[in-house]
$ cat model02.cif   # mmCIF, C-alpha atoms
data_my_file
#
loop_
_atom_site.label_atom_id
_atom_site.label_comp_id
_atom_site.auth_asym_id
_atom_site.auth_seq_id
_atom_site.Cartn_x
_atom_site.Cartn_y
_atom_site.Cartn_z
CA MET A 1 0.00 0.00 0.00
CA ALA A 2 2.89 2.35 0.81
CA VAL A 3 4.33 1.85 -2.68
CA GLN A 4 0.91 2.46 -4.24
CA MET A 5 0.50 5.70 -2.29
CA GLU A 6 3.93 6.89 -3.41
CA GLU A 7 3.00 6.14 -7.00
CA ALA A 8 -0.29 7.99 -6.50
CA LYS A 9 1.55 11.03 -5.14
CA ALA A 10 3.90 11.09 -8.11
CA HIS A 11 0.97 10.93 -10.55
CA LEU A 12 -0.84 13.68 -8.64
CA LYS A 13 2.21 15.94 -8.64
CA GLU A 14 2.80 15.53 -12.37
CA HIS A 15 -0.72 15.40 -13.78
CA GLY A 16 -2.70 17.36 -11.20
CA TRP A 17 -5.02 14.46 -10.38
CA VAL A 18 -5.06 10.87 -9.23
CA LYS A 19 -7.72 8.25 -8.58
CA ILE A 20 -7.35 5.96 -5.57
CA PRO A 21 -9.74 3.02 -5.76
CA SER A 22 -11.80 1.42 -3.00
CA VAL A 23 -10.98 3.80 -0.17
CA LEU A 24 -14.51 3.06 1.03
CA SER A 25 -16.19 -0.29 0.61
CA LYS A 26 -19.40 -0.41 -1.42
CA GLU A 27 -21.31 -0.73 1.86
CA GLU A 28 -19.54 2.27 3.37
CA ALA A 29 -20.20 4.33 0.25
CA GLN A 30 -23.91 3.44 0.41
CA ASP A 31 -24.00 4.36 4.11
CA ALA A 32 -22.38 7.71 3.29
CA LEU A 33 -24.95 8.29 0.55
CA ASN A 34 -27.82 7.58 2.93
CA ARG A 35 -26.32 9.99 5.45
CA LEU A 36 -25.93 12.60 2.73
CA TRP A 37 -29.64 12.58 1.95
CA GLU A 38 -30.29 13.02 5.67
CA ALA A 39 -27.79 15.89 5.70
CA LYS A 40 -29.67 17.53 2.83
CA VAL A 41 -32.86 17.52 4.89
CA ALA A 42 -31.03 18.88 7.93
CA SER A 43 -29.36 21.59 5.87
CA GLU A 44 -32.65 22.74 4.40
CA ALA A 45 -34.25 22.68 7.85
CA GLY A 46 -31.46 24.99 8.99
CA GLY A 47 -32.26 27.50 6.26
CA GLU A 48 -29.65 26.59 3.65
CA ASN A 49 -30.61 26.35 -0.01
CA THR A 50 -29.63 23.14 -1.76
CA PHE A 51 -30.07 24.66 -5.21
CA GLN A 52 -27.51 27.35 -6.03
CA PRO A 53 -28.42 29.24 -9.24
CA ILE A 54 -25.02 30.96 -9.28
CA LEU A 55 -23.43 27.53 -9.69
CA ASP A 56 -25.91 25.30 -11.49
CA PRO A 57 -28.31 25.82 -14.41
CA ASN A 58 -31.18 23.89 -12.82
CA ALA A 59 -32.37 22.32 -9.59
CA ALA A 60 -31.42 18.80 -10.68
CA ASN A 61 -28.03 19.63 -9.15
CA VAL A 62 -28.36 19.28 -5.38
CA ARG A 63 -25.73 21.04 -3.28
CA VAL A 64 -25.19 20.40 0.43
CA PHE A 65 -22.71 22.81 2.01
CA TYR A 66 -21.04 23.04 5.43
CA LEU A 67 -20.97 19.30 6.13
CA PRO A 68 -18.74 19.69 9.22
CA GLU A 69 -21.69 21.41 10.89
CA LEU A 70 -23.94 18.42 10.25
CA GLY A 71 -22.33 15.65 12.26
CA GLN A 72 -19.22 13.93 13.56
CA TYR A 73 -19.40 11.49 10.66
CA TRP A 74 -18.49 14.23 8.19
CA ARG A 75 -15.79 15.69 10.40
CA ASP A 76 -14.21 12.25 10.63
CA MET A 77 -14.16 12.01 6.84
CA LEU A 78 -12.07 15.18 6.66
CA VAL A 79 -9.28 13.44 8.58
CA HIS A 80 -9.55 10.08 6.81
CA PRO A 81 -5.91 9.01 6.34
CA SER A 82 -6.09 8.45 2.58
CA GLY A 83 -7.59 11.81 1.69
CA LEU A 84 -5.71 13.87 4.26
CA GLU A 85 -2.35 12.32 3.38
CA MET A 86 -2.75 13.28 -0.27
CA ALA A 87 -3.83 16.81 0.60
CA LYS A 88 -0.91 17.29 3.00
CA PHE A 89 1.46 15.95 0.36
CA LEU A 90 0.66 18.98 -1.80
CA LEU A 91 -0.14 21.63 0.82
CA GLY A 92 1.95 20.72 3.85
CA GLU A 93 1.06 19.93 7.44
CA GLU A 94 -0.58 23.29 8.17
CA LEU A 95 -3.32 23.06 5.54
CA LEU A 96 -6.86 24.26 6.27
CA VAL A 97 -10.34 22.99 5.40
CA SER A 98 -11.73 25.65 3.10
CA ASN A 99 -15.08 23.92 2.60
CA PHE A 100 -16.65 20.47 2.69
CA SER A 101 -19.72 20.05 0.52
CA ALA A 102 -21.61 17.61 -1.68
CA ASN A 103 -23.11 17.61 -5.15
CA ILE A 104 -25.78 15.17 -6.25
CA ALA A 105 -26.34 15.35 -9.99
CA ARG A 106 -29.80 13.94 -10.57
CA PRO A 107 -31.14 13.01 -14.02
CA GLY A 108 -31.36 16.19 -16.09
CA ALA A 109 -28.56 17.98 -14.21
CA GLN A 110 -26.56 20.30 -16.44
CA SER A 111 -22.95 21.45 -16.39
CA MET A 112 -21.66 24.37 -14.36
CA ALA A 113 -19.03 26.82 -15.66
CA LEU A 114 -15.53 25.62 -16.50
CA HIS A 115 -13.05 26.69 -13.83
CA SER A 116 -10.06 25.79 -11.72
CA ASP A 117 -10.49 26.04 -7.97
CA GLN A 118 -7.58 28.47 -7.65
CA SER A 119 -8.70 30.70 -10.51
CA ILE A 120 -11.83 31.77 -8.65
CA VAL A 121 -10.21 32.54 -5.30
CA ILE A 122 -6.73 33.91 -6.01
CA PRO A 123 -5.35 36.15 -8.78
CA ALA A 124 -3.09 34.81 -11.50
CA PRO A 125 -0.39 33.75 -11.92
CA TRP A 126 -0.97 30.37 -10.28
CA LEU A 127 2.64 29.35 -9.83
CA ASP A 128 2.14 26.76 -7.14
CA ILE A 129 -0.53 24.48 -5.69
CA TRP A 130 -2.52 26.32 -3.04
CA ALA A 131 -5.70 24.23 -3.01
CA VAL A 132 -6.62 20.54 -3.22
CA ASN A 133 -10.00 18.89 -3.70
CA VAL A 134 -10.52 15.34 -2.49
CA ILE A 135 -13.57 14.02 -4.34
CA TRP A 136 -15.34 11.15 -2.58
CA CYS A 137 -17.43 9.08 -4.98
CA LEU A 138 -20.52 7.76 -3.19
CA THR A 139 -21.95 6.33 -6.39
CA ARG A 140 -20.25 5.26 -9.58
CA THR A 141 -19.44 8.23 -11.77
CA THR A 142 -19.69 7.99 -15.56
CA LYS A 143 -19.79 10.38 -18.46
CA GLU A 144 -23.51 9.62 -18.79
CA ASN A 145 -24.47 10.37 -15.17
CA GLY A 146 -22.53 13.62 -14.86
CA ALA A 147 -19.01 12.69 -13.81
CA THR A 148 -16.66 15.60 -13.19
CA LEU A 149 -14.97 16.59 -16.47
CA TYR A 150 -11.37 17.84 -16.57
CA ILE A 151 -8.79 19.00 -19.08
CA PRO A 152 -5.60 16.90 -19.07
CA GLY A 153 -2.50 19.03 -18.61
CA SER A 154 -4.41 22.11 -17.49
CA ASN A 155 -2.67 21.99 -14.10
CA LYS A 156 0.29 23.56 -15.93
CA TRP A 157 -1.69 26.67 -16.92
CA THR A 158 -0.70 29.71 -14.88
CA THR A 159 -2.82 32.55 -16.31
CA TRP A 160 -6.23 33.13 -17.86
CA GLU A 161 -4.51 33.60 -21.20
CA ASP A 162 -3.34 29.98 -21.07
CA VAL A 163 -6.94 28.75 -21.30
CA PRO A 164 -7.63 28.08 -25.00
CA ASP A 165 -10.83 29.06 -26.75
CA ASN A 166 -11.61 25.41 -27.43
CA ALA A 167 -11.17 24.41 -23.77
CA PRO A 168 -14.64 22.79 -23.52
CA ASP A 169 -13.71 20.46 -26.38
CA LEU A 170 -10.77 19.12 -24.36
CA LEU A 171 -12.80 17.85 -21.39
CA VAL A 172 -12.72 14.19 -20.41
CA PRO A 173 -14.57 12.50 -17.51
CA PHE A 174 -13.28 11.20 -14.21
CA GLU A 175 -14.99 7.83 -14.25
CA ALA A 176 -14.86 5.97 -10.94
CA GLU A 177 -16.64 3.43 -8.78
CA ALA A 178 -18.50 4.03 -5.54
CA GLY A 179 -15.90 4.19 -2.78
CA ASP A 180 -13.09 5.63 -4.94
CA ILE A 181 -11.58 9.04 -4.31
CA VAL A 182 -10.23 11.40 -6.96
CA VAL A 183 -7.71 14.00 -5.76
CA ILE A 184 -7.18 17.11 -7.88
CA ASP A 185 -4.87 20.04 -7.37
CA GLY A 186 -6.35 23.51 -7.42
CA ARG A 187 -4.93 24.42 -10.83
CA LEU A 188 -6.69 21.65 -12.77
CA TRP A 189 -9.50 23.04 -14.93
CA HIS A 190 -12.74 21.11 -14.63
CA THR A 191 -16.52 21.28 -14.48
CA SER A 192 -19.50 19.09 -13.70
CA GLY A 193 -20.94 16.92 -16.44
CA TYR A 194 -24.45 16.47 -17.76
CA ASN A 195 -26.54 13.69 -16.25
CA ILE A 196 -28.33 12.29 -19.30
CA THR A 197 -29.53 9.11 -17.60
CA LYS A 198 -33.19 8.50 -16.83
CA ASP A 199 -32.89 7.22 -13.28
CA GLU A 200 -29.30 7.37 -12.02
CA ASP A 201 -27.95 9.85 -9.46
CA ARG A 202 -24.27 10.80 -9.32
CA ALA A 203 -23.30 11.72 -5.75
CA ILE A 204 -19.88 13.05 -4.75
CA LEU A 205 -18.34 14.94 -1.84
CA PHE A 206 -15.79 17.73 -2.14
CA ALA A 207 -13.32 17.95 0.74
CA TYR A 208 -11.66 21.22 -0.25
CA TYR A 209 -8.37 21.99 1.51
CA SER A 210 -6.31 25.13 1.06
CA ALA A 211 -2.86 26.43 1.90
CA PRO A 212 -2.73 28.16 5.29
CA HIS A 213 -2.06 31.61 3.84
CA MET A 214 -5.35 31.56 1.91
CA ARG A 215 -8.63 32.72 3.39
CA PRO A 216 -10.97 29.68 3.53
CA LEU A 217 -14.20 29.80 1.56
CA THR A 218 -16.06 29.25 4.83
CA ASN A 219 -15.59 31.29 7.99
CA TRP A 220 -16.00 28.37 10.36
CA SER A 221 -15.79 30.56 13.46
CA ALA A 222 -18.95 32.31 12.27
CA LYS A 223 -20.70 29.26 10.79
CA LEU A 224 -20.28 26.76 13.62
CA SER A 225 -22.01 27.37 16.93
CA LYS A 226 -19.83 28.05 19.94
CA GLU A 227 -21.27 24.94 21.56
CA LEU A 228 -20.13 22.79 18.64
CA GLN A 229 -16.72 24.45 18.49
CA GLU A 230 -16.10 23.54 22.13
CA THR A 231 -16.58 19.84 21.35
CA LEU A 232 -14.04 19.73 18.51
CA SER A 233 -10.68 18.01 18.81
CA PRO A 234 -7.53 20.15 18.70
CA GLU A 235 -6.78 18.77 15.23
CA MET A 236 -10.23 19.72 13.92
CA LYS A 237 -9.98 23.20 15.43
CA ARG A 238 -6.70 23.72 13.65
CA LEU A 239 -8.04 22.43 10.33
CA LEU A 240 -11.04 24.75 10.57
CA ALA A 241 -8.82 27.75 11.47
CA LEU A 242 -10.41 28.04 14.91
CA SER A 243 -7.07 28.37 16.67
CA HIS A 244 -5.98 31.86 17.72
CA LYS A 245 -2.51 31.23 16.28
CA GLY A 246 -1.76 32.48 12.81
CA TYR A 247 1.72 31.31 11.85
CA VAL A 248 1.39 29.56 8.52
CA VAL A 249 4.80 28.39 7.29
CA LYS A 250 7.19 27.09 9.93
CA GLY A 251 4.99 27.52 12.99
CA ASP A 252 7.17 30.02 14.83
CA LEU A 253 10.38 32.03 14.46
CA THR A 254 12.65 29.32 15.84
CA TYR A 255 13.42 28.25 12.29
CA MET A 256 14.58 31.74 11.35
CA ALA A 257 16.62 32.11 14.52
CA GLN A 258 18.46 28.89 13.73
CA LYS A 259 18.96 29.70 10.05
CA TYR A 260 20.18 33.25 10.66
CA ALA A 261 21.97 32.99 13.97
CA ARG A 262 23.11 36.23 15.60
CA GLY A 263 26.82 36.96 15.83
CA GLU A 264 27.09 36.26 19.54
CA ASP A 265 25.26 32.94 19.08
CA VAL A 266 27.74 31.89 16.40
CA ALA A 267 30.68 32.88 18.57
CA ALA A 268 29.28 30.96 21.54
CA ALA A 269 28.75 27.90 19.42
CA GLY A 270 32.39 28.00 18.32
CA ALA A 271 33.78 28.51 21.83
#
$ encode --input "model02.cif" --output "structure tokens"
Amino acid sequence: MAVQMEEAKAHLKEHGWVKIPSVLSKEEAQDALNRLWEAKVASEAGGENTFQPILDPNAANVRVFYLPELGQYWRDMLVHPSGLEMAKFLLGEELLVSNFSANIARPGAQSMALHSDQSIVIPAPWLDIWAVNVIWCLTRTTKENGATLYIPGSNKWTTWEDVPDNAPDLLVPFEAEAGDIVVIDGRLWHTSGYNITKDEDRAILFAYYSAPHMRPLTNWSAKLSKELQETLSPEMKRLLALSHKGYVVKGDLTYMAQKYARGEDVAAAGA
């Protein structure tokens, strides 16, 4: 498994995406799907809209946002070793959870706008990887049922001018089985597909992590109740940027003090 993960990391680094099969069993994926429909009901009961016209052309695309608010089950998924290891590989140990949401493409769902995750949150040029999406497939995903479409090689684009006029013609689907995850770096250009089936849903989760210097899409300190925040583990508080500490690279200035030692420190060390 260690060798497979190293191969997966190399593919992710070079191509901007990788599929890791069977992270969840079929039974676990079905359980997650059942919980997701319950989360949809809970989200709507809390006043959230599950149709977002700014994202999707019609209501056949169901969106469930802010999953960490909706139960320990979803918070545990954010720290699942397979997904978190891949995200940390690209973003480092101090990464943050920018958002955790779901999209259920029901029959008749249409495609959203082509984008890369970094292009809509940070100005060009995109010279490094500052965001990672871990896509959890709760059902099989096919071209016919609306699988995420991506452009091979687009993780190398660094400006808007790099996006060709025929970009939509270059899209290919991420086809996967229920229980697989697909990890994409924030520079890969992609969109949702069309669900042209008569009776097949395509359900996926987006665990969206970002580099610690980026403002998360969700202000978790405002979104989560104080009562819920008090129950979170130290690791979850850090991932959701609920800690009062703001160092984002090395953690403190010890690194700099060691790298650029003062004259008297150097002299003492040589004594």
$ closest_residue --input "model02.cif" --among "A:Asn145, A:Ser116, A:Asn195, A:Gln72" --to "Thr231 of chain A" --atoms "all atoms listed in the file"
A:Gln72
$ atom_distance --input "model02.cif" --atom1 "atom CA of Ala60 of chain A" --atom2 "atom CA of Ala102 of chain A"
13.4 Å
$ resolve_selection --input "model02.cif" --expression "the PyMOL selection byres ((chain A and resi 127) around 9)" --output "JSON, numbers by chain"
{"A": [124, 125, 126, 128, 129, 156, 157, 158]}
$ atom_distance --input "model02.cif" --atom1 "atom CA of Ser154 of chain A" --atom2 "atom CA of Glu177 of chain A"
24.0 Å
$ resolve_selection --input "model02.cif" --expression "the PyMOL selection byres ((chain A and resi 191) around 8)" --output "ChimeraX atom specification"
/A:111-115,148-150,189-190,192-193
$ residues_near_point --input "model02.cif" --point "(-18.1, 24.3, 17.5)" --cutoff "9 Å" --atoms "only C-alpha atoms" --output "PyMOL selection string"
chain A and resi 69+220-221+223-232+237+242
$ residues_near_point --input "model02.cif" --point "(-28.7, 22.4, 10.9)" --cutoff "10 Å" --atoms "all atoms listed in the file" --output "list in words"
Ala39, Lys40, Val41, Ala42, Ser43, Glu44, Ala45, Gly46, Gly47, Glu48, Tyr66, Leu67, Glu69, Leu70, Gly71 and Leu224 of chain A
